[in-house]
file coords.cif (mmCIF, C-alpha atoms)
data_protein
loop_
_atom_site.label_atom_id
_atom_site.label_comp_id
_atom_site.auth_asym_id
_atom_site.auth_seq_id
_atom_site.Cartn_x
_atom_site.Cartn_y
_atom_site.Cartn_z
CA MET A 1 12.36 -24.32 -14.57
CA ASN A 2 10.34 -24.56 -17.75
CA GLU A 3 12.66 -23.79 -20.67
CA ASP A 4 10.07 -21.78 -22.56
CA ASP A 5 9.38 -19.60 -19.55
CA ARG A 6 13.10 -19.11 -18.96
CA THR A 7 13.64 -18.12 -22.59
CA LEU A 8 10.76 -15.66 -22.51
CA VAL A 9 11.93 -14.17 -19.21
CA ASP A 10 15.45 -13.71 -20.65
CA GLN A 11 14.03 -12.05 -23.75
CA VAL A 12 11.97 -9.61 -21.68
CA LEU A 13 14.96 -8.81 -19.49
CA SER A 14 17.08 -8.12 -22.55
CA GLY A 15 14.58 -5.48 -23.66
CA GLU A 16 12.15 -7.44 -25.83
CA THR A 17 9.04 -6.32 -24.02
CA ASP A 18 6.75 -8.04 -26.51
CA ALA A 19 8.00 -11.41 -25.28
CA PHE A 20 6.08 -10.77 -22.07
CA ALA A 21 2.87 -11.42 -24.02
CA GLY A 22 4.01 -15.04 -24.31
CA LEU A 23 4.33 -15.36 -20.55
CA VAL A 24 0.89 -13.81 -20.01
CA ARG A 25 -0.64 -16.14 -22.59
CA ARG A 26 0.90 -19.24 -20.98
CA HIS A 27 -0.16 -18.44 -17.41
CA HIS A 28 -3.40 -16.51 -17.86
CA ALA A 29 -5.80 -19.41 -17.27
CA ARG A 30 -4.19 -20.61 -14.04
CA ILE A 31 -3.75 -17.17 -12.53
CA MET A 32 -7.29 -16.20 -13.47
CA GLY A 33 -8.60 -19.46 -11.94
CA LEU A 34 -6.70 -18.79 -8.72
CA CYS A 35 -8.03 -15.23 -8.46
CA VAL A 36 -11.62 -16.28 -9.19
CA SER A 37 -11.45 -18.97 -6.53
CA MET A 38 -9.94 -16.67 -3.93
CA LEU A 39 -11.98 -13.55 -4.64
CA GLY A 40 -15.21 -15.23 -5.68
CA ASP A 41 -15.97 -12.55 -8.23
CA ARG A 42 -15.00 -12.70 -11.89
CA THR A 43 -14.68 -8.95 -12.46
CA ARG A 44 -12.46 -8.42 -9.43
CA ALA A 45 -10.47 -11.50 -10.40
CA GLU A 46 -9.91 -10.11 -13.88
CA ASP A 47 -8.57 -6.82 -12.47
CA ALA A 48 -6.45 -8.64 -9.91
CA SER A 49 -4.99 -10.93 -12.59
CA GLN A 50 -3.97 -7.94 -14.68
CA GLU A 51 -2.30 -6.37 -11.65
CA VAL A 52 -0.49 -9.64 -10.97
CA PHE A 53 1.07 -9.65 -14.43
CA LEU A 54 1.94 -5.96 -14.21
CA LYS A 55 3.62 -6.53 -10.87
CA ALA A 56 5.48 -9.52 -12.35
CA PHE A 57 6.70 -7.40 -15.23
CA LYS A 58 7.98 -4.68 -12.92
CA SER A 59 9.67 -7.19 -10.60
CA LEU A 60 11.03 -9.48 -13.28
CA GLU A 61 14.60 -8.46 -12.52
CA ASP A 62 14.12 -9.82 -8.99
CA PHE A 63 13.13 -13.23 -10.34
CA ARG A 64 16.15 -15.42 -9.66
CA GLY A 65 14.82 -18.65 -11.09
CA ALA A 66 15.17 -20.55 -7.80
CA SER A 67 11.56 -21.69 -8.25
CA SER A 68 9.59 -21.98 -11.47
CA PHE A 69 8.18 -18.86 -13.06
CA GLY A 70 4.69 -20.27 -12.45
CA THR A 71 5.33 -20.70 -8.73
CA TRP A 72 6.76 -17.18 -8.52
CA LEU A 73 3.69 -15.84 -10.32
CA HIS A 74 1.43 -17.78 -7.94
CA ARG A 75 3.16 -16.09 -5.02
CA ILE A 76 2.45 -12.65 -6.47
CA ALA A 77 -1.16 -13.64 -7.19
CA VAL A 78 -1.81 -15.07 -3.71
CA ASN A 79 -0.33 -11.99 -2.04
CA ARG A 80 -2.43 -9.69 -4.21
CA CYS A 81 -5.63 -11.63 -3.52
CA LEU A 82 -4.92 -11.86 0.21
CA ASP A 83 -4.38 -8.12 0.27
CA LEU A 84 -7.69 -7.49 -1.52
CA MET A 85 -9.57 -9.96 0.71
CA ARG A 86 -8.22 -8.43 3.91
CA ARG A 87 -8.99 -4.93 2.67
CA GLN A 88 -12.54 -5.95 1.81
CA LYS A 89 -12.97 -7.64 5.15
CA ARG A 90 -11.91 -4.45 6.94
CA GLN A 91 -14.29 -2.36 4.84
CA THR A 92 -17.28 -4.63 5.36
CA ALA A 93 -16.67 -5.29 9.03
CA GLU A 94 -19.88 -4.40 10.84
CA PRO A 95 -20.33 -3.92 14.56
CA LEU A 96 -22.13 -6.92 16.02
CA ASP A 97 -25.25 -5.04 17.05
CA ALA A 98 -25.58 -3.58 13.55
CA ILE A 99 -25.94 -6.97 11.91
CA PRO A 100 -29.58 -7.70 11.23
CA GLU A 101 -31.02 -11.13 11.74
CA ARG A 102 -29.88 -13.16 8.76
CA GLU A 103 -32.58 -14.50 6.55
CA ALA A 104 -32.83 -18.19 6.13
CA PRO A 105 -30.98 -19.40 3.03
CA GLN A 106 -33.11 -19.30 -0.08
CA GLY A 107 -31.51 -22.34 -1.68
CA ASP A 108 -32.30 -25.95 -1.04
CA GLY A 109 -29.40 -26.36 1.40
CA SER A 110 -27.59 -28.84 -0.79
CA LEU A 111 -24.10 -28.45 -2.16
CA GLU A 112 -25.49 -27.89 -5.63
CA ASP A 113 -26.77 -24.55 -4.38
CA ALA A 114 -24.43 -21.79 -5.67
CA ASP A 115 -25.32 -19.45 -2.82
CA LEU A 116 -24.39 -22.11 -0.29
CA VAL A 117 -21.08 -22.73 -2.01
CA ARG A 118 -20.31 -19.01 -1.90
CA ARG A 119 -21.26 -18.75 1.78
CA LEU A 120 -19.10 -21.73 2.63
CA LEU A 121 -16.08 -20.26 0.89
CA ASP A 122 -16.74 -16.87 2.46
CA SER A 123 -16.75 -18.50 5.88
CA LEU A 124 -13.07 -19.36 5.46
CA SER A 125 -10.32 -17.04 6.59
CA PRO A 126 -8.24 -15.60 3.71
CA ASP A 127 -5.27 -17.78 4.65
CA TYR A 128 -7.34 -20.97 4.67
CA ARG A 129 -9.01 -20.06 1.42
CA ALA A 130 -5.62 -19.43 -0.17
CA ILE A 131 -4.07 -22.72 0.87
CA LEU A 132 -7.12 -24.75 -0.11
CA THR A 133 -7.26 -23.06 -3.51
CA LEU A 134 -3.60 -23.80 -4.12
CA ARG A 135 -4.00 -27.44 -3.13
CA GLU A 136 -7.46 -28.38 -4.33
CA LEU A 137 -7.94 -26.19 -7.38
CA GLN A 138 -4.43 -25.52 -8.63
CA GLY A 139 -3.20 -28.96 -7.66
CA LEU A 140 0.08 -27.70 -6.21
CA GLY A 141 2.26 -30.05 -4.21
CA TYR A 142 3.33 -29.36 -0.62
CA LYS A 143 6.74 -28.11 -1.75
CA GLU A 144 5.24 -25.65 -4.22
CA ILE A 145 2.74 -24.40 -1.64
CA MET A 146 5.66 -23.96 0.73
CA GLU A 147 7.42 -21.76 -1.84
CA VAL A 148 4.30 -19.79 -2.72
CA LEU A 149 3.29 -19.05 0.86
CA GLY A 150 6.79 -18.81 2.25
CA ILE A 151 6.09 -21.15 5.16
CA SER A 152 7.64 -24.42 6.32
CA MET A 153 6.50 -27.87 5.24
CA ASP A 154 5.07 -28.56 8.70
CA ALA A 155 3.16 -25.29 8.60
CA VAL A 156 1.73 -26.20 5.18
CA LYS A 157 0.46 -29.55 6.46
CA ALA A 158 -0.95 -28.10 9.67
CA ARG A 159 -2.67 -25.21 7.91
CA LEU A 160 -4.18 -27.53 5.30
CA ARG A 161 -5.54 -29.82 8.00
CA ARG A 162 -7.06 -26.94 9.94
CA ALA A 163 -8.51 -25.37 6.80
CA ARG A 164 -10.21 -28.61 5.81
CA GLN A 165 -11.62 -29.10 9.29
CA SER A 166 -12.86 -25.53 9.35
CA LEU A 167 -14.61 -25.97 6.01
CA LEU A 168 -16.18 -29.27 7.04
CA GLU A 169 -17.45 -27.67 10.25
CA SER A 170 -18.98 -24.79 8.33
CA ALA A 171 -20.55 -27.19 5.87
CA ARG A 172 -22.16 -29.14 8.73
CA HIS A 173 -23.59 -25.94 10.18
CA ILE A 174 -24.69 -24.22 7.01
CA SER A 175 -26.00 -27.05 4.85
CA THR A 176 -28.65 -29.64 5.49
CA PRO A 177 -27.45 -32.68 7.43
CA ASP A 178 -27.60 -35.09 4.50
CA SER A 179 -25.93 -32.83 1.99
CA VAL A 180 -22.37 -33.27 3.34
CA MET B 1 -12.43 -42.38 6.71
CA ASP B 2 -15.96 -41.07 6.62
CA GLU B 3 -14.62 -37.56 7.09
CA PHE B 4 -12.22 -38.08 4.20
CA LYS B 5 -15.08 -39.04 1.91
CA GLN B 6 -17.03 -36.00 3.04
CA TRP B 7 -14.02 -33.83 2.34
CA ARG B 8 -13.50 -35.23 -1.17
CA ARG B 9 -17.12 -34.56 -2.00
CA LEU B 10 -17.05 -31.06 -0.59
CA SER B 11 -13.76 -30.26 -2.33
CA ARG B 12 -15.08 -31.41 -5.70
CA VAL B 13 -18.00 -29.01 -5.40
CA LEU B 14 -16.26 -26.01 -3.88
CA PHE B 15 -13.05 -26.12 -5.89
CA ARG B 16 -14.47 -27.00 -9.24
CA ARG B 17 -12.04 -26.09 -11.98
CA PRO B 18 -13.56 -23.27 -14.04
CA ASP B 19 -13.85 -23.60 -17.79
CA PRO B 20 -10.58 -22.50 -19.35
CA PRO B 21 -10.76 -19.13 -21.07
CA THR B 22 -11.26 -19.22 -24.81
CA ARG B 23 -8.47 -18.21 -27.13
CA THR B 24 -10.25 -14.90 -27.80
CA GLU B 25 -10.60 -14.18 -24.08
CA THR B 26 -6.94 -14.91 -23.54
CA GLU B 27 -5.84 -12.69 -26.42
CA PHE B 28 -8.07 -9.89 -25.15
CA PHE B 29 -6.54 -10.26 -21.70
CA VAL B 30 -3.01 -10.32 -23.12
CA SER B 31 -3.62 -7.15 -25.12
CA ARG B 32 -4.96 -5.32 -22.08
CA VAL B 33 -1.97 -6.32 -19.96
CA MET B 34 0.46 -5.31 -22.69
CA GLN B 35 -1.25 -1.92 -23.04
CA ARG B 36 -0.81 -1.29 -19.33
CA LEU B 37 2.88 -2.15 -19.24
CA PRO B 38 5.04 0.83 -18.31
CA SER B 39 6.57 2.44 -21.37
CA GLU B 40 10.07 1.45 -22.32
CA GLU B 41 11.30 4.95 -21.52
CA PRO B 42 12.65 4.75 -18.02
CA ALA B 43 11.04 7.13 -15.58
CA PHE B 44 14.43 8.73 -14.91
CA ARG B 45 15.28 9.37 -18.51
CA TRP B 46 15.55 13.09 -17.79
CA PHE B 47 17.97 12.38 -14.99
CA ALA B 48 21.05 11.50 -17.08
CA PRO B 49 21.16 14.73 -19.13
CA ALA B 50 20.39 16.79 -16.04
CA LEU B 51 23.22 15.12 -14.18
CA ALA B 52 25.62 15.62 -17.09
CA PHE B 53 24.67 19.29 -17.37
CA SER B 54 25.16 19.83 -13.63
CA PHE B 55 28.53 18.13 -13.77
CA ALA B 56 29.62 20.23 -16.74
CA ALA B 57 28.49 23.44 -15.02
CA PHE B 58 30.32 22.45 -11.86
CA ALA B 59 33.51 21.63 -13.77
CA LEU B 60 33.36 24.89 -15.74
CA SER B 61 33.09 26.89 -12.56
CA PHE B 62 36.71 25.92 -11.81
CA VAL B 63 38.10 27.01 -15.16
CA PRO B 64 39.84 30.40 -14.75
CA VAL B 65 38.29 33.08 -16.89
CA ARG B 66 40.80 34.49 -19.35
CA ARG B 67 39.99 38.07 -20.19
CA ASP B 68 40.45 39.16 -23.75
CA PRO B 69 43.07 42.02 -23.65
CA PHE B 70 41.41 43.80 -26.57
CA LEU B 71 38.02 43.81 -24.87
CA GLN B 72 39.61 44.82 -21.59
CA ASP B 73 41.30 47.83 -23.26
CA ALA B 74 38.09 48.78 -24.99
CA GLN B 75 36.13 48.66 -21.77
CA GLU B 76 38.68 50.77 -19.93
CA ALA B 77 38.81 53.30 -22.77
CA GLU B 78 35.04 53.64 -22.81
CA LEU B 79 34.97 54.16 -19.08
CA ALA B 80 37.67 56.80 -19.24
CA GLU B 81 35.86 58.62 -22.03
CA TRP B 82 32.58 58.53 -20.17
CA VAL B 83 34.14 59.83 -16.92
CA SER B 84 35.96 62.63 -18.73
CA LEU B 85 32.69 63.97 -20.16
CA GLN B 86 31.32 64.62 -16.72
CA GLU B 87 32.05 67.94 -15.08
CA PRO B 88 33.56 67.52 -11.67
CA GLY B 89 31.15 68.01 -8.81
CA LEU B 90 28.06 67.39 -10.91
CA PRO B 91 25.95 64.29 -10.38
CA ILE B 92 26.32 61.66 -13.04
CA THR B 93 23.43 61.87 -15.49
CA GLU B 94 22.30 59.76 -18.35
CA GLU B 95 23.49 60.90 -21.77
CA GLU B 96 20.64 62.19 -23.93
#

call {"tool": "encode", "arguments": {"input": "coords.cif", "output": "structure tokens"}}
result
Amino acid sequence: MNEDDRTLVDQVLSGETDAFAGLVRRHHARIMGLCVSMLGDRTRAEDASQEVFLKAFKSLEDFRGASSFGTWLHRIAVNRCLDLMRRQKRQTAEPLDAIPEREAPQGDGSLEDADLVRRLLDSLSPDYRAILTLRELQGLGYKEIMEVLGISMDAVKARLRRARQSLLESARHISTPDSV
Amino acid sequence: MDEFKQWRRLSRVLFRRPDPPTRTETEFFVSRVMQRLPSEEPAFRWFAPALAFSFAAFALSFVPVRRDPFLQDAQEAELAEWVSLQEPGLPITEEE
């Protein structure tokens, strides 16, 4: 475990609450990046990131140091984002006959189109989006992903493979043939 | 192999690393988190004194009450005096 993180965690646990600011400062960028990628909205990501750190503060006594503080924080962040994504999915679920005919995409159908990127990411299930974010954006190794998601190594590999295939499939359907 | 190339291209676009927050943004974020931290006073701060008080009250309930002989005599004397002022057979009335 990173020595600086360990020192700061010990200080917070011994009552120096101000030391927690150091932990927030060190991990803000990565946690914010994770939340933006998973939630696709900067404002919601900002709120979620704050909640992640608050939750970490409250649960700091449960942190045993078996994994790094960053990995532990990632686990809290992924769980929070998954919770928000599933809640939003339930709220926006429409009955099939209530969905109007979708308009044709306004963009040029290439991957440079921001709307297309958003639609592609939205087409992923929360679990797939989480694992791809951890691997592709955060650059976590298989072992770290295993610790964050609490699944076996085989499950990590299988889920990554399926998530990639799912995204490629969506890309073939949504974008123009020569853009992928 | 072709699929791998497609994936790399797609991944680069979809999972583009966002610009890191500026120092000011980070400090602003840190201050907001620190403001929202629960206060250092534990939520059950009232619990310890309440528990101690209950325990003390419980313990005191077992201490035998020792009556002060002087007060006891005084009380009995007052009662006797008050009873003697009443005529027998009459209802007890308040002294004017």

call {"tool": "interface_residues", "arguments": {"input": "coords.cif", "of": "chain B", "to": "chain A", "cutoff": "9 Å", "atoms": "all atoms listed in the file", "output": "VMD selection string"}}
result
chain B and resid 3 6 to 7 9 to 21 26 to 27 29 to 34 36 to 38 40

call {"tool": "atom_distance", "arguments": {"input": "coords.cif", "atom1": "CA of Gly139 (chain A)", "atom2": "CA of Arg64 (chain A)"}}
result
23.7 Å

call {"tool": "residues_around", "arguments": {"input": "coords.cif", "residues": "Val9 (chain A)", "least_positions_apart": "3", "cutoff": "8 Å", "atoms": "only C-alpha atoms", "output": "VMD selection string"}}
result
chain A and resid 5 to 6 12 to 13 19 to 20 23 60

call {"tool": "atom_distance", "arguments": {"input": "coords.cif", "atom1": "CA of Ala66 (chain A)", "atom2": "CA of Asn79 (chain A)"}}
result
18.6 Å

call {"tool": "atom_distance", "arguments": {"input": "coords.cif", "atom1": "CA of Cys81 (chain A)", "atom2": "CA of Asp41 (chain A)"}}
result
11.4 Å

call {"tool": "resolve_selection", "arguments": {"input": "coords.cif", "expression": "the PyMOL selection byres ((chain A and resi 78) around 10)", "output": "PyMOL selection string"}}
result
chain A and resi 31+34-35+38+52+73-77+79-84+126-127+130-131+133-134+148-149
